[in-house]
Every structure is written in structure tokens, then in C-alpha cells.
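**Q** A single structure is presented below for examination.
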Amino acid sequence: MRPLESKVAVVTGAGRGIGRAIAMKLASAGTKLIVNDLDIGPAQDVVQEIRNCGGDATAYPGDITRPDFGERFIAAAVDTYKGLDIIVNNAGYTWDSVIQKMSDEQWYAIIDCHLTAPFRILRAAQPVIREFSKAEQAGGQAIFRKVVNISSASGLSGNPGQVNYSAAKAGIIGLTMTLAKEWGRLNTNVNCVAFGLIETRLTATTSDVSSTIQIGPHEVRVGVNPQFLETLQKNIPLGHAGSPEDAANAVYLLCLPESNYISGQTILCSGGLSA
Ligand SMILES: NC(=O)c1ccc[n+]([C@@H]2O[C@H](COP(=O)([O-])OP(=O)(O)OC[C@H]3O[C@@H](n4cnc5c(N)ncnc54)[C@H](O)[C@@H]3O)[C@@H](O)[C@H]2O)c1
């Protein structure tokens, strides 16, 4: 029996990068998945990959910042798999500028994606989790559910050029701590993983040709200056940037039954680099 056999998970931004690795890891542990991404092709590819390995997954493409997304996303899990055990709020991107150059649009886009969308997903999940939990408790069962929100070292200690992103990633930590207090009675653990430097398209060197990404109508510059990246990597105690699989493993730990007595916490997954 695999550790998360027959659990039902929803993961946002799971078409590539860290989200993809989380979806693959959860699927390999027996979880059935609703795989979201803004981009339909990558979401479908991940679903196909999971099915090729004998797993069960359904693509749910769409923009998490749409006001009705949370309700639809949670309903998709319940309608498709008749359950809701794990929620991973992972989708996101960076849209950096120093404060004097940051537009309202840039500010709100990042707050919407990293904070408002997870809030709406979790608000939509509450009545569903409450009903499942009530029925289980009435039957004398204690079944634990897991929320893992994704933050960043930037949300713990700030990062120049990221007032929008660091504010959103600090906000999700506050949301996590409050929800852990509200949802303890529902046997639901609510935790956060803050990543340091993980190798994805967001942290590729800016000398790469692909240093812009398309987010809806916006072509957004991402990536890290090569010299800065080199210095940063040298300062990581474990000696290298993390892979998406390293990142996914930290999320996985917080989905296991062994974490049932851990809630309201933020784990820094950064190869030992302090925030
Ligand atoms: N890579 C790092 O070093 C790092 C560090 C700290 C935190 N993070 C966080 O980890 C998470 C994953 O980032 P990643 O590095 O894997 O990036 P990525 O670009 O490789 O993957 C993110 C995925 O999210 C999707 N996405 C973006 N906006 C979306 C939206 N509105 N609706 C639905 N999907 C959307 C993208 O299409 C993409 O497939 C993000 O929350 C990011 O802020 C990453």
C-alpha cells in the first residue's frame, strides 16, 4: 500500500517546474490528482505522464486569479474523485521592479496570484472539508487533510525588486497560521513551504533566450542576473540550487500522515541558506 493511496489532491500551477514535480510525487504515492495550470498543453502533458505511470489525474486548466476559479476547482475534485484530501497552492510567477517603477497592475497581479487566489480556493474548500470531517468524526474516525501553501525566502526576509512578491509571500504565511487555528477542529493541517533557489524557468539566468514568460496578455521578464546567481549558489550550504524534485519532496513530507501533528508552520527548503 502506498503512503497516500486513494487520497485526492488538487495542485495549482502543476504544468511545469515545482508544481509538476509535486504532482508527479503525489501521484507516485497513490494520490488521484486535479492538475491545474494556466497553460493547457503543459497541464495535459503532466496528466498523460501520470496516466502512463499507471496513476489517475485530470487536467483542470485555467487562470487561478479568476474570481470563480476556487469554487470551480474544488467542485472539480469532488465531482471527479468524490473527495478532497490535499490542497497545494503552488501556481505563481514573479513580475519584478523596484518600487518607484512598479505599477498598480504589477502589484495587484502578483497579490492576486499568490494571495487572493489561494484565499478563494481555501474559502471554497472549507464547507467541503467541514462536511467530510463532520461525517468522519461522527463515525469515530480521525482522517487528516493537508493544505500546503507555497511561499518564498523573499516572503521571509525580503528581496530587492520584489515588493509585490515578498508582500504576497509574507501574506500567505499569515493566512497559513490563521487557517491552521481555524481548521484544527477539522483535522486539517495547514502549513507552508518557503523555497530558496530552485531551478525552474523563474530562476534561469537572464542570459537565456527564454527570459520572458507569457502570463495572459503580459510578457513578463523573469530570471536572475548570472553574476548574482553564481554568488547566491556559492552561499548555499549544501552547495547547489535545488531541483524541482527537491522542492516537491518538502511539500510531500507535509502531506504524509507522519506530519499529522504539525500545523501552522513554514518550512524553509533552501539547501540550508537562511532567509
Ligand atoms: N523557483 C524558485 O526558486 C522559487 C523560489 C521560491 C518560491 N517559488 C514559488 O514556487 C511556485 C512555483 O514556481 P516555479 O519556480 O515552479 O515556476 P514555473 O514558472 O516553473 O511554474 C509555475 C507554473 O504556474 C503556472 N501559473 C502561473 N500563473 C498562473 C495562474 N494565474 N493560474 C494558473 N497557473 C499559473 C505557470 O503557467 C507555470 O506552469 C511559485 O509560487 C513560486 O513563486 C519558486
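Starting from 1 in every chain, residues are counted up; chains themselves are A, B, ... following the order of the C-alpha cells, and ligands are numbered from 1 as listed.
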For Ile121 of chain A, work out the shell of residues within 7 Å, counting only C-alpha atoms and skipping chain neighbours fewer than 4 positions away, then give it as an mmCIF file with N, CA and C atoms, in the first residue's frame.

**A**
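Done, and the output landed in out34.cif:
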data_model
loop_
_atom_site.group_PDB
_atom_site.id
_atom_site.type_symbol
_atom_site.label_atom_id
_atom_site.label_comp_id
_atom_site.auth_asym_id
_atom_site.auth_seq_id
_atom_site.Cartn_x
_atom_site.Cartn_y
_atom_site.Cartn_z
ATOM 1 N N GLY A 70 -11.814 29.339 -7.611
ATOM 2 C CA GLY A 70 -11.741 28.496 -6.407
ATOM 3 C C GLY A 70 -12.921 27.539 -6.300
ATOM 4 N N GLU A 71 -14.125 28.088 -6.489
ATOM 5 C CA GLU A 71 -15.341 27.255 -6.388
ATOM 6 C C GLU A 71 -15.314 26.144 -7.438
ATOM 7 N N ALA A 117 -5.887 34.357 -4.789
ATOM 8 C CA ALA A 117 -6.354 33.084 -5.378
ATOM 9 C C ALA A 117 -6.289 31.938 -4.366
ATOM 10 N N ALA A 125 -13.014 25.561 -0.261
ATOM 11 C CA ALA A 125 -12.787 24.206 0.273
ATOM 12 C C ALA A 125 -13.409 24.008 1.654
#

**Q** Tell me, which residues of segment 59-222 of chain A carry DSSP strand (DSSP E), written as a VMD selection string?

**A** chain A and resid 59 86 to 89 145 to 152 188 to 195 212 to 215 218 to 221

**Q** Collect all residues with atoms no farther than 8 Å from ligand 1, counting only C-alpha atoms and all ligand atoms, and output them as a ChimeraX atom specification.

**A** /A:12-20,36-39,42-43,61-65,89-94,113-114,150-154,165,169,194-203,213,215,242,244

**Q** Within 10 Å of Val88 of chain A, counting only C-alpha atoms, which residues qualify if same-chain residues fewer than 5 places away don't, as an MDAnalysis selection string?

**A** chainID A and resid 9:14 19 22:23 118 121 146:150 191:192 251 255

**Q** A:Glu105, A:Val98, A:Pro160, A:Leu84: which is nearest Glu131 of chain A, counting only C-alpha atoms?

**A** A:Leu84

**Q** Compile the contact shell of Ala168 of chain A as JSON, numbers by chain: residues with an atom at most 8 Å away, counting only C-alpha atoms, same-chain residues fewer than 3 positions apart removed.

**A** {"A": [110, 111, 114, 115, 155, 164, 165, 171, 172]}

**Q** Which neighbours of Ile50 of chain A fall inside 7 Å, counting only C-alpha atoms, when residues of the same chain fewer than 6 positions from it are skipped, and could you give them as a list in words?

**A**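 In the requested format, the answer is Met24, Ala27, Asp56 and Ala57 of chain A.
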
**Q** Write down as JSON, numbers by chain the residues of segment 124-170 of chain A whose backbone DSSP state falls under helix (DSSP H, G or I).

**A** {"A": [124, 125, 126, 127, 128, 129, 130, 131, 132, 133, 134, 135, 136, 137, 138, 153, 154, 155, 156, 157, 163, 164, 165, 166, 167, 168, 169, 170]}

**Q** A:Leu4, A:Ser166, A:Lys101, A:Gly272: which is nearest Lys234 of chain A, counting only C-alpha atoms?

**A**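 When distances to Lys234 of chain A are compared using only C-alpha atoms, the smallest one comes from A:Gly272.
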
**Q** Figure out the distance between atom CA of Gly174 of chain A and atom CA of Val224 of chain A, please, to one decimal in Å.

**A**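 Those two atoms sit 27.4 Å apart.
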